[in-house]
$ cat input-v6.cif   # mmCIF, C-alpha atoms
data_model
#
loop_
_atom_site.label_atom_id
_atom_site.label_comp_id
_atom_site.auth_asym_id
_atom_site.auth_seq_id
_atom_site.Cartn_x
_atom_site.Cartn_y
_atom_site.Cartn_z
CA MET A 1 -8.10 27.75 -16.81
CA ALA A 2 -5.24 25.51 -15.71
CA ASP A 3 -1.80 26.27 -17.17
CA LYS A 4 -0.69 22.90 -18.57
CA SER A 5 2.92 24.00 -19.02
CA ILE A 6 3.69 24.02 -15.30
CA LYS A 7 6.41 21.80 -13.84
CA ILE A 8 5.12 18.95 -11.65
CA LEU A 9 7.24 17.03 -9.16
CA LEU A 10 5.96 13.46 -8.59
CA ALA A 11 7.16 12.13 -5.23
CA ASP A 12 6.36 8.47 -4.65
CA ASP A 13 8.59 5.52 -3.78
CA SER A 14 6.57 3.38 -6.20
CA ALA A 15 7.83 3.68 -9.78
CA PHE A 16 4.55 2.11 -10.86
CA MET A 17 2.49 4.79 -9.14
CA ARG A 18 4.63 7.60 -10.60
CA LYS A 19 4.03 6.12 -14.05
CA VAL A 20 0.27 5.86 -13.46
CA LEU A 21 0.06 9.48 -12.30
CA MET A 22 2.23 10.69 -15.16
CA ASP A 23 0.12 8.85 -17.73
CA ILE A 24 -3.07 10.37 -16.31
CA LEU A 25 -1.65 13.89 -16.27
CA LYS A 26 -0.17 13.54 -19.77
CA GLU A 27 -3.64 12.59 -20.97
CA ALA A 28 -4.89 15.80 -19.35
CA GLY A 29 -2.31 17.86 -21.26
CA TYR A 30 0.50 18.23 -18.71
CA SER A 31 3.96 17.47 -20.01
CA ASN A 32 6.66 18.81 -17.69
CA PHE A 33 7.52 16.28 -14.98
CA VAL A 34 10.27 15.59 -12.49
CA GLU A 35 10.31 12.43 -10.37
CA CYS A 36 11.69 11.44 -6.99
CA GLU A 37 11.36 8.34 -4.84
CA ASP A 38 11.97 9.27 -1.22
CA GLY A 39 11.59 12.19 1.15
CA ASN A 40 15.16 13.44 1.03
CA ASP A 41 15.27 13.15 -2.75
CA CYS A 42 12.01 15.11 -2.84
CA LEU A 43 13.42 18.02 -0.82
CA SER A 44 16.55 18.06 -2.95
CA LYS A 45 14.62 18.00 -6.25
CA PHE A 46 12.16 20.58 -4.96
CA ASN A 47 15.00 23.00 -4.28
CA SER A 48 16.88 22.33 -7.52
CA GLU A 49 13.94 22.00 -9.91
CA LYS A 50 11.57 24.53 -8.33
CA PRO A 51 8.35 22.78 -9.42
CA ASP A 52 5.05 24.65 -9.56
CA LEU A 53 3.11 21.67 -8.16
CA LEU A 54 4.06 18.73 -5.96
CA LEU A 55 2.20 15.41 -5.90
CA LEU A 56 3.38 13.89 -2.65
CA ASP A 57 3.01 10.36 -1.31
CA VAL A 58 2.84 9.93 2.49
CA ILE A 59 4.63 6.60 3.06
CA MET A 60 8.13 7.01 1.65
CA PRO A 61 11.61 5.95 2.77
CA ASN A 62 13.91 8.32 4.67
CA LYS A 63 11.37 11.07 5.18
CA SER A 64 7.59 10.73 5.03
CA GLY A 65 5.45 12.97 2.88
CA LEU A 66 4.17 14.71 5.99
CA GLU A 67 7.71 15.50 7.14
CA VAL A 68 8.51 16.85 3.68
CA LEU A 69 5.35 18.95 3.75
CA LYS A 70 6.27 20.32 7.18
CA GLU A 71 9.61 21.52 5.79
CA LEU A 72 8.19 23.00 2.60
CA GLY A 73 4.94 24.48 3.92
CA ALA A 74 1.89 25.66 2.03
CA GLY A 75 3.96 27.47 -0.60
CA ALA A 76 4.92 24.12 -2.09
CA ASN A 77 1.48 23.70 -3.70
CA ALA A 78 1.41 20.08 -2.56
CA ILE A 79 -1.37 17.61 -3.25
CA MET A 80 -1.03 14.51 -1.09
CA VAL A 81 -1.60 11.19 -2.91
CA SER A 82 -1.71 8.28 -0.51
CA ALA A 83 -3.43 5.01 0.31
CA VAL A 84 -3.65 6.17 3.92
CA GLY A 85 -7.18 7.50 4.16
CA GLN A 86 -7.54 7.84 7.91
CA ASP A 87 -9.29 11.10 8.85
CA GLN A 88 -6.54 12.11 11.26
CA MET A 89 -3.88 11.85 8.55
CA ILE A 90 -5.93 13.85 6.05
CA ALA A 91 -6.57 16.58 8.63
CA GLU A 92 -2.89 16.70 9.56
CA ALA A 93 -1.86 17.06 5.92
CA LYS A 94 -4.32 19.87 5.30
CA GLN A 95 -3.24 21.65 8.46
CA GLY A 96 0.33 21.29 7.22
CA GLY A 97 -0.53 23.18 4.07
CA ALA A 98 -1.57 20.48 1.59
CA LYS A 99 -3.89 21.90 -1.07
CA ASP A 100 -5.81 18.62 -1.27
CA TYR A 101 -5.60 14.93 -0.47
CA ILE A 102 -6.24 12.12 -2.96
CA VAL A 103 -6.76 8.63 -1.52
CA LYS A 104 -5.48 5.66 -3.57
CA PRO A 105 -6.92 3.90 -5.43
CA PHE A 106 -8.22 6.95 -7.24
CA LYS A 107 -10.28 7.57 -10.35
CA ARG A 108 -8.46 9.21 -13.26
CA GLU A 109 -11.09 11.97 -13.46
CA GLU A 110 -10.64 12.71 -9.76
CA VAL A 111 -6.90 13.26 -10.16
CA ILE A 112 -7.33 15.50 -13.19
CA ALA A 113 -10.10 17.56 -11.56
CA ILE A 114 -8.10 18.18 -8.39
CA VAL A 115 -4.84 18.98 -10.21
CA ASP A 116 -6.61 21.33 -12.63
CA ARG A 117 -8.34 23.11 -9.75
CA VAL A 118 -5.14 23.55 -7.73
CA VAL A 119 -3.15 24.66 -10.80
CA SER A 120 -5.84 27.20 -11.67
CA GLY A 121 -5.34 28.77 -8.25
CA ILE A 122 -1.55 29.04 -8.47
CA MET B 1 -3.37 -5.66 23.29
CA LYS B 2 -6.99 -6.81 23.76
CA PHE B 3 -9.67 -6.11 21.18
CA ASP B 4 -13.45 -6.37 21.30
CA PRO B 5 -14.26 -9.44 19.12
CA ALA B 6 -17.53 -7.90 17.87
CA ASP B 7 -15.74 -4.72 16.77
CA LEU B 8 -13.08 -6.77 15.05
CA LYS B 9 -15.63 -8.89 13.19
CA THR B 10 -17.45 -5.78 11.96
CA ALA B 11 -14.18 -4.16 10.98
CA ALA B 12 -13.03 -7.33 9.18
CA ASP B 13 -16.25 -7.58 7.19
CA ILE B 14 -16.17 -3.93 6.20
CA GLY B 15 -12.40 -4.05 5.67
CA SER B 16 -12.68 -7.02 3.28
CA LYS B 17 -15.40 -5.23 1.33
CA LYS B 18 -13.29 -2.09 1.07
CA VAL B 19 -10.28 -4.13 -0.04
CA ALA B 20 -12.34 -5.80 -2.76
CA GLU B 21 -13.60 -2.40 -3.94
CA ALA B 22 -10.06 -1.02 -3.99
CA PHE B 23 -8.74 -4.09 -5.83
CA THR B 24 -11.57 -3.90 -8.36
CA ARG B 25 -10.70 -0.28 -9.11
CA LEU B 26 -6.98 -1.06 -9.34
CA ALA B 27 -7.30 -4.13 -11.53
CA GLY B 28 -10.24 -2.88 -13.58
CA SER B 29 -11.95 -6.25 -13.20
CA PRO B 30 -14.52 -7.46 -10.62
CA VAL B 31 -12.95 -8.91 -7.49
CA MET B 32 -14.73 -11.32 -5.13
CA VAL B 33 -13.93 -11.86 -1.47
CA THR B 34 -13.94 -15.64 -1.17
CA VAL B 35 -12.61 -15.82 2.41
CA SER B 36 -12.83 -13.20 5.14
CA LYS B 37 -11.76 -14.22 8.63
CA ILE B 38 -10.66 -12.55 11.81
CA ASP B 39 -9.39 -14.86 14.53
CA THR B 40 -7.46 -14.80 17.76
CA VAL B 41 -5.28 -17.89 17.61
CA PRO B 42 -1.99 -19.23 18.99
CA ILE B 43 0.96 -17.74 17.11
CA LYS B 44 1.86 -21.17 15.73
CA GLU B 45 -1.55 -21.52 14.08
CA ALA B 46 -1.19 -18.04 12.57
CA LEU B 47 2.24 -18.95 11.23
CA VAL B 48 0.85 -22.09 9.57
CA ARG B 49 -1.79 -19.96 7.85
CA ILE B 50 0.63 -17.42 6.43
CA ASN B 51 3.25 -19.95 5.38
CA PRO B 52 3.07 -19.94 1.57
CA PRO B 53 2.43 -23.16 -0.36
CA GLN B 54 5.26 -24.92 -2.18
CA GLY B 55 6.08 -23.56 -5.61
CA GLN B 56 6.67 -20.14 -7.05
CA VAL B 57 4.87 -17.71 -4.80
CA ILE B 58 5.28 -13.95 -4.74
CA VAL B 59 5.26 -12.46 -1.23
CA VAL B 60 5.12 -8.77 -0.35
CA TYR B 61 5.05 -7.53 3.21
CA ALA B 62 5.01 -4.29 5.15
CA GLN B 63 5.51 -3.67 8.82
CA LEU B 64 2.84 -1.97 10.88
CA LEU B 65 4.84 0.76 12.54
CA SER B 66 2.45 2.92 14.50
CA GLY B 67 -0.50 1.93 16.65
CA VAL B 68 -0.58 -1.88 16.94
CA LYS B 69 2.65 -3.53 15.81
CA GLY B 70 2.50 -6.31 13.24
CA THR B 71 2.83 -7.24 9.60
CA SER B 72 0.72 -7.07 6.49
CA LEU B 73 1.39 -9.76 3.88
CA LEU B 74 0.18 -10.29 0.33
CA THR B 75 0.83 -13.67 -1.26
CA LEU B 76 0.01 -14.87 -4.75
CA GLU B 77 1.27 -17.55 -7.07
CA ARG B 78 3.61 -16.39 -9.82
CA GLU B 79 1.07 -17.04 -12.58
CA SER B 80 -1.49 -14.89 -10.75
CA ALA B 81 1.14 -12.19 -10.25
CA LEU B 82 1.96 -12.04 -13.97
CA LYS B 83 -1.72 -11.74 -14.87
CA LEU B 84 -2.29 -9.12 -12.17
CA VAL B 85 0.58 -7.01 -13.50
CA ASP B 86 -1.05 -7.06 -16.93
CA LEU B 87 -4.34 -5.86 -15.47
CA LEU B 88 -2.62 -3.13 -13.46
CA ASN B 89 -0.80 -1.97 -16.58
CA GLN B 90 -4.02 -2.12 -18.61
CA GLN B 91 -2.55 -4.50 -21.15
CA PRO B 92 -3.80 -7.88 -22.41
CA VAL B 93 -3.42 -10.70 -19.90
CA GLY B 94 -0.56 -12.91 -21.04
CA THR B 95 1.69 -10.01 -22.06
CA THR B 96 4.03 -10.22 -19.06
CA GLY B 97 6.33 -13.24 -18.96
CA ILE B 98 8.85 -12.09 -16.38
CA LEU B 99 8.55 -9.60 -13.57
CA LYS B 100 10.59 -6.45 -14.17
CA ASP B 101 11.33 -3.76 -11.56
CA ILE B 102 8.27 -1.72 -12.53
CA ASP B 103 6.11 -4.87 -12.22
CA ARG B 104 7.46 -5.61 -8.75
CA SER B 105 6.73 -1.99 -7.89
CA ALA B 106 3.14 -2.52 -9.05
CA ILE B 107 2.71 -5.58 -6.82
CA LYS B 108 4.21 -3.76 -3.83
CA GLU B 109 1.87 -0.85 -4.46
CA THR B 110 -1.02 -3.32 -4.55
CA LEU B 111 -0.16 -4.44 -1.01
CA ASN B 112 0.12 -0.80 0.06
CA ILE B 113 -3.29 0.09 -1.31
CA LEU B 114 -5.11 -3.05 -0.17
CA SER B 115 -3.61 -2.98 3.34
CA ASN B 116 -4.42 0.66 3.78
CA SER B 117 -7.98 0.12 2.56
CA TYR B 118 -8.32 -2.46 5.31
CA MET B 119 -6.67 -0.23 7.88
CA ASN B 120 -8.81 2.75 6.97
CA ALA B 121 -11.84 0.56 7.79
CA LEU B 122 -10.26 -0.68 11.03
CA ALA B 123 -9.61 2.90 12.12
CA LYS B 124 -13.16 3.91 11.35
CA GLU B 125 -15.01 0.88 12.71
CA ALA B 126 -12.84 -0.28 15.62
CA GLY B 127 -10.82 2.84 16.45
CA ILE B 128 -7.58 0.99 15.71
CA GLU B 129 -5.11 3.45 14.16
CA LEU B 130 -2.40 1.70 12.14
CA GLY B 131 0.51 2.95 10.13
CA LEU B 132 2.19 0.98 7.39
CA ALA B 133 5.88 1.07 6.43
CA VAL B 134 7.21 0.93 2.88
CA PRO B 135 6.31 -2.47 1.31
CA ARG B 136 9.08 -4.93 0.47
CA MET B 137 9.30 -8.18 -1.44
CA ILE B 138 10.55 -11.36 0.18
CA THR B 139 11.08 -14.76 -1.38
CA SER B 140 8.59 -17.40 -0.28
CA GLY B 141 11.56 -19.55 0.82
CA ARG B 142 12.76 -16.79 3.15
CA LEU B 143 9.28 -16.40 4.60
CA THR B 144 9.10 -20.16 5.15
CA ASP B 145 12.47 -20.00 6.95
CA VAL B 146 11.22 -17.26 9.28
CA VAL B 147 8.04 -19.23 9.97
CA GLY B 148 10.07 -22.41 10.54
CA GLU B 149 12.41 -20.68 12.95
CA MET B 150 9.55 -19.31 15.02
CA MET B 151 7.71 -22.64 15.01
CA THR B 152 10.63 -24.36 16.72
CA ARG B 153 10.48 -21.99 19.68
CA ASP B 154 8.40 -22.58 22.80
CA LEU B 155 5.34 -20.46 22.10
CA SER B 156 2.76 -21.73 24.52
CA THR B 157 1.76 -18.86 26.80
CA GLU B 158 -1.40 -16.79 26.53
CA ASP B 159 0.74 -13.86 25.38
CA ASP B 160 1.45 -15.81 22.23
CA GLN B 161 -2.18 -15.53 21.11
CA VAL B 162 -2.35 -13.25 18.10
CA VAL B 163 -5.04 -11.54 16.07
CA ILE B 164 -4.95 -12.42 12.37
CA PHE B 165 -7.05 -11.03 9.55
CA GLU B 166 -7.20 -13.21 6.47
CA THR B 167 -8.83 -12.24 3.20
CA THR B 168 -8.76 -14.19 -0.04
CA LEU B 169 -9.51 -12.16 -3.15
CA THR B 170 -10.37 -13.70 -6.48
CA ILE B 171 -10.60 -12.21 -9.95
CA THR B 172 -12.70 -14.97 -11.44
CA ALA B 173 -12.44 -13.82 -15.04
CA TYR B 174 -8.65 -14.35 -15.05
CA LYS B 175 -8.32 -17.01 -12.32
CA ILE B 176 -6.25 -14.70 -10.13
CA ASP B 177 -6.19 -15.55 -6.43
CA THR B 178 -4.39 -13.57 -3.78
CA LYS B 179 -4.33 -13.66 -0.01
CA LEU B 180 -3.99 -10.66 2.25
CA PHE B 181 -3.02 -11.20 5.89
CA ILE B 182 -2.67 -8.72 8.70
CA LEU B 183 -0.95 -10.31 11.68
CA PHE B 184 -0.68 -8.44 14.96
CA ASN B 185 2.57 -9.78 16.37
CA GLU B 186 5.65 -7.64 16.92
CA ASP B 187 8.02 -10.59 17.16
CA PHE B 188 7.18 -11.94 13.70
CA SER B 189 7.30 -8.44 12.29
CA GLY B 190 10.84 -7.97 13.59
CA LYS B 191 12.00 -11.38 12.39
CA ILE B 192 10.74 -10.99 8.85
CA ASN B 193 12.25 -7.53 8.59
CA GLU B 194 15.65 -8.72 9.79
CA SER B 195 15.64 -11.46 7.18
CA VAL B 196 15.41 -9.34 4.04
CA ASP B 197 17.80 -7.18 2.10
CA PRO B 198 16.82 -3.59 2.96
CA ASN B 199 17.28 -2.59 -0.66
CA VAL B 200 14.68 -5.01 -2.04
#

$ encode --input "input-v6.cif" --output "structure tokens"
Amino acid sequence: MADKSIKILLADDSAFMRKVLMDILKEAGYSNFVECEDGNDCLSKFNSEKPDLLLLDVIMPNKSGLEVLKELGAGANAIMVSAVGQDQMIAEAKQGGAKDYIVKPFKREEVIAIVDRVVSGI
Amino acid sequence: MKFDPADLKTAADIGSKKVAEAFTRLAGSPVMVTVSKIDTVPIKEALVRINPPQGQVIVVYAQLLSGVKGTSLLTLERESALKLVDLLNQQPVGTTGILKDIDRSAIKETLNILSNSYMNALAKEAGIELGLAVPRMITSGRLTDVVGEMMTRDLSTEDDQVVIFETTLTITAYKIDTKLFILFNEDFSGKINESVDPNV
């Protein structure tokens, strides 16, 4: 059973995409969110806010999601959320410790299922 | 860089289909591909194609940074943009009258998703790995200036042949038309990037 009280850090340079993800996760019962819009901001918020789960875009200013993931490692409980769906990128993210990889555009149910599964394993 | 025309045609057809599927999912309304072309043409011809029509046109672009260098562009008339924002926000069409920051973010994200859908198909079908930078908005006037500047230069050698993908997507129910271009030319990519405010 997924603990819906966990803190989730949403890292995406698109304010629109952060809003879409937050709306979906709110619908699923999650309520504790922190947002950031670039790689450096993500590392800073990760350290200050200590989120339980990180939803991480790949293409972001300053530092890419993959660079962020490399610094944080598997302990960050990161799920990549990106429009880049090339096999090589997905493999690289998973090797870097990503718990899963969601390709945009996604279905709402897909996001909820993956987040619930990862949260259940934390 | 030389490409196999047959591979490119296959990739363009599959890419357009993937883009339409992605756009349909994003907008929540059926999207038709009304034009899907892949051509190798002189740079001047490519510039004429991407030059937006007169009037209020929204233009979003992103540089191709890894693999083949170039630019991805999404253009749509303002009225189409307003209606698209409503669809993306799952609100009645006609709600949005002016584009706010979050609406511009939605249009930029549309370019990101559509371009990457195309590129994912290119990587799979033609082995062309491409990486997209963060999307930015540019005024249609600025784009026209960049095109105009390049058109005045002497671009007549074989090296100035470029590959251009052109896809027109239509949401018939709401009369929304948008064009997606992917232009493989490093020079244009550099020029357009120099011409915009990095904070936009």

$ axis_aligned_box --input "input-v6.cif" --around "region 54-67 of chain B" --padding-each-side "3 Å" --output "AutoDock Vina command-line options"
--center_x 3.1 --center_y -11.0 --center_z 4.8 --size_x 13.2 --size_y 33.8 --size_z 29.7

$ interface_residues --input "input-v6.cif" --of "chain A" --to "chain B" --cutoff "9 Å" --atoms "all atoms listed in the file" --output "PDB file with C-alpha atoms, keeping the file's coordinate frame"
ATOM      1  CA  ASP A  13       8.590   5.520  -3.780  1.00  0.00           C
ATOM      2  CA  SER A  14       6.570   3.380  -6.200  1.00  0.00           C
ATOM      3  CA  ALA A  15       7.830   3.680  -9.780  1.00  0.00           C
ATOM      4  CA  PHE A  16       4.550   2.110 -10.860  1.00  0.00           C
ATOM      5  CA  MET A  17       2.490   4.790  -9.140  1.00  0.00           C
ATOM      6  CA  VAL A  20       0.270   5.860 -13.460  1.00  0.00           C
ATOM      7  CA  ILE A  59       4.630   6.600   3.060  1.00  0.00           C
ATOM      8  CA  MET A  60       8.130   7.010   1.650  1.00  0.00           C
ATOM      9  CA  PRO A  61      11.610   5.950   2.770  1.00  0.00           C
ATOM     10  CA  SER A  82      -1.710   8.280  -0.510  1.00  0.00           C
ATOM     11  CA  ALA A  83      -3.430   5.010   0.310  1.00  0.00           C
ATOM     12  CA  VAL A  84      -3.650   6.170   3.920  1.00  0.00           C
ATOM     13  CA  GLY A  85      -7.180   7.500   4.160  1.00  0.00           C
ATOM     14  CA  GLN A  86      -7.540   7.840   7.910  1.00  0.00           C
ATOM     15  CA  ASP A  87      -9.290  11.100   8.850  1.00  0.00           C
ATOM     16  CA  LYS A 104      -5.480   5.660  -3.570  1.00  0.00           C
ATOM     17  CA  PRO A 105      -6.920   3.900  -5.430  1.00  0.00           C
ATOM     18  CA  PHE A 106      -8.220   6.950  -7.240  1.00  0.00           C
ATOM     19  CA  LYS A 107     -10.280   7.570 -10.350  1.00  0.00           C
TER      20      LYS A 107
END

$ resolve_selection --input "input-v6.cif" --expression "the PyMOL selection byres ((chain B and resi 163) around 8)" --output "list of chain:residue names"
B:Ile38, B:Asp39, B:Thr40, B:Val41, B:Gln161, B:Val162, B:Ile164, B:Phe165, B:Leu183, B:Phe184, B:Asn185

$ residues_near_point --input "input-v6.cif" --point "(9.2, -17.5, -3.9)" --cutoff "9 Å" --atoms "only C-alpha atoms" --output "JSON, numbers by chain"
{"B": [52, 54, 55, 56, 57, 58, 59, 77, 78, 138, 139, 140, 141, 142, 143]}

$ resolve_selection --input "input-v6.cif" --expression "the PyMOL selection byres ((chain A and resi 117-121) around 9)" --output "VMD selection string"
chain A and resid 1 to 4 6 52 to 53 77 79 99 to 100 112 to 116 122

$ atom_distance --input "input-v6.cif" --atom1 "CA of Leu99 (chain B)" --atom2 "CA of Leu82 (chain B)"
7.0 Å

$ residues_around --input "input-v6.cif" --residues "Ala98 (chain A)" --least-positions-apart "3" --cutoff "6 Å" --atoms "all atoms listed in the file" --output "JSON, numbers by chain"
{"A": [78, 79, 93, 94]}

$ decode --input "input-v6.cif" --residues "region 20-40 of chain A" --atoms "N, CA and C atoms" --output "PDB file, in the first residue's frame"
ATOM      1  N   VAL A  20       0.428  19.615 -14.435  1.00  0.00           N
ATOM      2  CA  VAL A  20      -0.268  18.404 -14.890  1.00  0.00           C
ATOM      3  C   VAL A  20       0.054  17.236 -13.952  1.00  0.00           C
ATOM      4  N   LEU A  21       1.335  17.066 -13.651  1.00  0.00           N
ATOM      5  CA  LEU A  21       1.737  15.949 -12.777  1.00  0.00           C
ATOM      6  C   LEU A  21       1.135  16.106 -11.383  1.00  0.00           C
ATOM      7  N   MET A  22       1.164  17.350 -10.884  1.00  0.00           N
ATOM      8  CA  MET A  22       0.624  17.573  -9.538  1.00  0.00           C
ATOM      9  C   MET A  22      -0.879  17.279  -9.493  1.00  0.00           C
ATOM     10  N   ASP A  23      -1.587  17.711 -10.516  1.00  0.00           N
ATOM     11  CA  ASP A  23      -3.031  17.455 -10.566  1.00  0.00           C
ATOM     12  C   ASP A  23      -3.327  15.948 -10.566  1.00  0.00           C
ATOM     13  N   ILE A  24      -2.544  15.215 -11.353  1.00  0.00           N
ATOM     14  CA  ILE A  24      -2.748  13.758 -11.430  1.00  0.00           C
ATOM     15  C   ILE A  24      -2.483  13.122 -10.065  1.00  0.00           C
ATOM     16  N   LEU A  25      -1.392  13.523  -9.441  1.00  0.00           N
ATOM     17  CA  LEU A  25      -1.014  12.895  -8.166  1.00  0.00           C
ATOM     18  C   LEU A  25      -1.943  13.319  -7.029  1.00  0.00           C
ATOM     19  N   LYS A  26      -2.452  14.550  -7.106  1.00  0.00           N
ATOM     20  CA  LYS A  26      -3.445  14.980  -6.103  1.00  0.00           C
ATOM     21  C   LYS A  26      -4.694  14.115  -6.204  1.00  0.00           C
ATOM     22  N   GLU A  27      -5.096  13.862  -7.448  1.00  0.00           N
ATOM     23  CA  GLU A  27      -6.257  12.990  -7.689  1.00  0.00           C
ATOM     24  C   GLU A  27      -6.055  11.612  -7.065  1.00  0.00           C
ATOM     25  N   ALA A  28      -4.764  11.180  -7.085  1.00  0.00           N
ATOM     26  CA  ALA A  28      -4.440   9.847  -6.553  1.00  0.00           C
ATOM     27  C   ALA A  28      -4.248   9.870  -5.040  1.00  0.00           C
ATOM     28  N   GLY A  29      -4.359  11.053  -4.423  1.00  0.00           N
ATOM     29  CA  GLY A  29      -4.307  11.129  -2.962  1.00  0.00           C
ATOM     30  C   GLY A  29      -3.031  11.721  -2.398  1.00  0.00           C
ATOM     31  N   TYR A  30      -2.053  12.027  -3.237  1.00  0.00           N
ATOM     32  CA  TYR A  30      -0.815  12.648  -2.749  1.00  0.00           C
ATOM     33  C   TYR A  30      -1.055  14.141  -2.540  1.00  0.00           C
ATOM     34  N   SER A  31      -0.358  14.705  -1.541  1.00  0.00           N
ATOM     35  CA  SER A  31      -0.650  16.110  -1.254  1.00  0.00           C
ATOM     36  C   SER A  31       0.570  16.946  -0.887  1.00  0.00           C
ATOM     37  N   ASN A  32       1.723  16.308  -0.737  1.00  0.00           N
ATOM     38  CA  ASN A  32       2.900  17.025  -0.240  1.00  0.00           C
ATOM     39  C   ASN A  32       3.918  17.184  -1.381  1.00  0.00           C
ATOM     40  N   PHE A  33       3.953  18.389  -1.961  1.00  0.00           N
ATOM     41  CA  PHE A  33       4.790  18.599  -3.148  1.00  0.00           C
ATOM     42  C   PHE A  33       5.772  19.752  -2.968  1.00  0.00           C
ATOM     43  N   VAL A  34       6.909  19.600  -3.611  1.00  0.00           N
ATOM     44  CA  VAL A  34       7.878  20.682  -3.746  1.00  0.00           C
ATOM     45  C   VAL A  34       8.212  20.730  -5.240  1.00  0.00           C
ATOM     46  N   GLU A  35       8.440  21.958  -5.751  1.00  0.00           N
ATOM     47  CA  GLU A  35       8.712  22.076  -7.192  1.00  0.00           C
ATOM     48  C   GLU A  35      10.065  22.719  -7.455  1.00  0.00           C
ATOM     49  N   CYS A  36      10.673  22.367  -8.580  1.00  0.00           N
ATOM     50  CA  CYS A  36      11.878  23.055  -9.035  1.00  0.00           C
ATOM     51  C   CYS A  36      11.927  23.014 -10.550  1.00  0.00           C
ATOM     52  N   GLU A  37      12.694  23.964 -11.139  1.00  0.00           N
ATOM     53  CA  GLU A  37      12.603  24.109 -12.592  1.00  0.00           C
ATOM     54  C   GLU A  37      13.917  23.974 -13.346  1.00  0.00           C
ATOM     55  N   ASP A  38      14.985  23.652 -12.670  1.00  0.00           N
ATOM     56  CA  ASP A  38      16.213  23.331 -13.402  1.00  0.00           C
ATOM     57  C   ASP A  38      17.068  22.393 -12.560  1.00  0.00           C
ATOM     58  N   GLY A  39      18.151  21.915 -13.161  1.00  0.00           N
ATOM     59  CA  GLY A  39      18.960  20.895 -12.498  1.00  0.00           C
ATOM     60  C   GLY A  39      19.599  21.354 -11.198  1.00  0.00           C
ATOM     61  N   ASN A  40      20.140  22.564 -11.206  1.00  0.00           N
ATOM     62  CA  ASN A  40      20.784  23.071  -9.990  1.00  0.00           C
ATOM     63  C   ASN A  40      19.766  23.280  -8.875  1.00  0.00           C
TER      64      ASN A  40
END
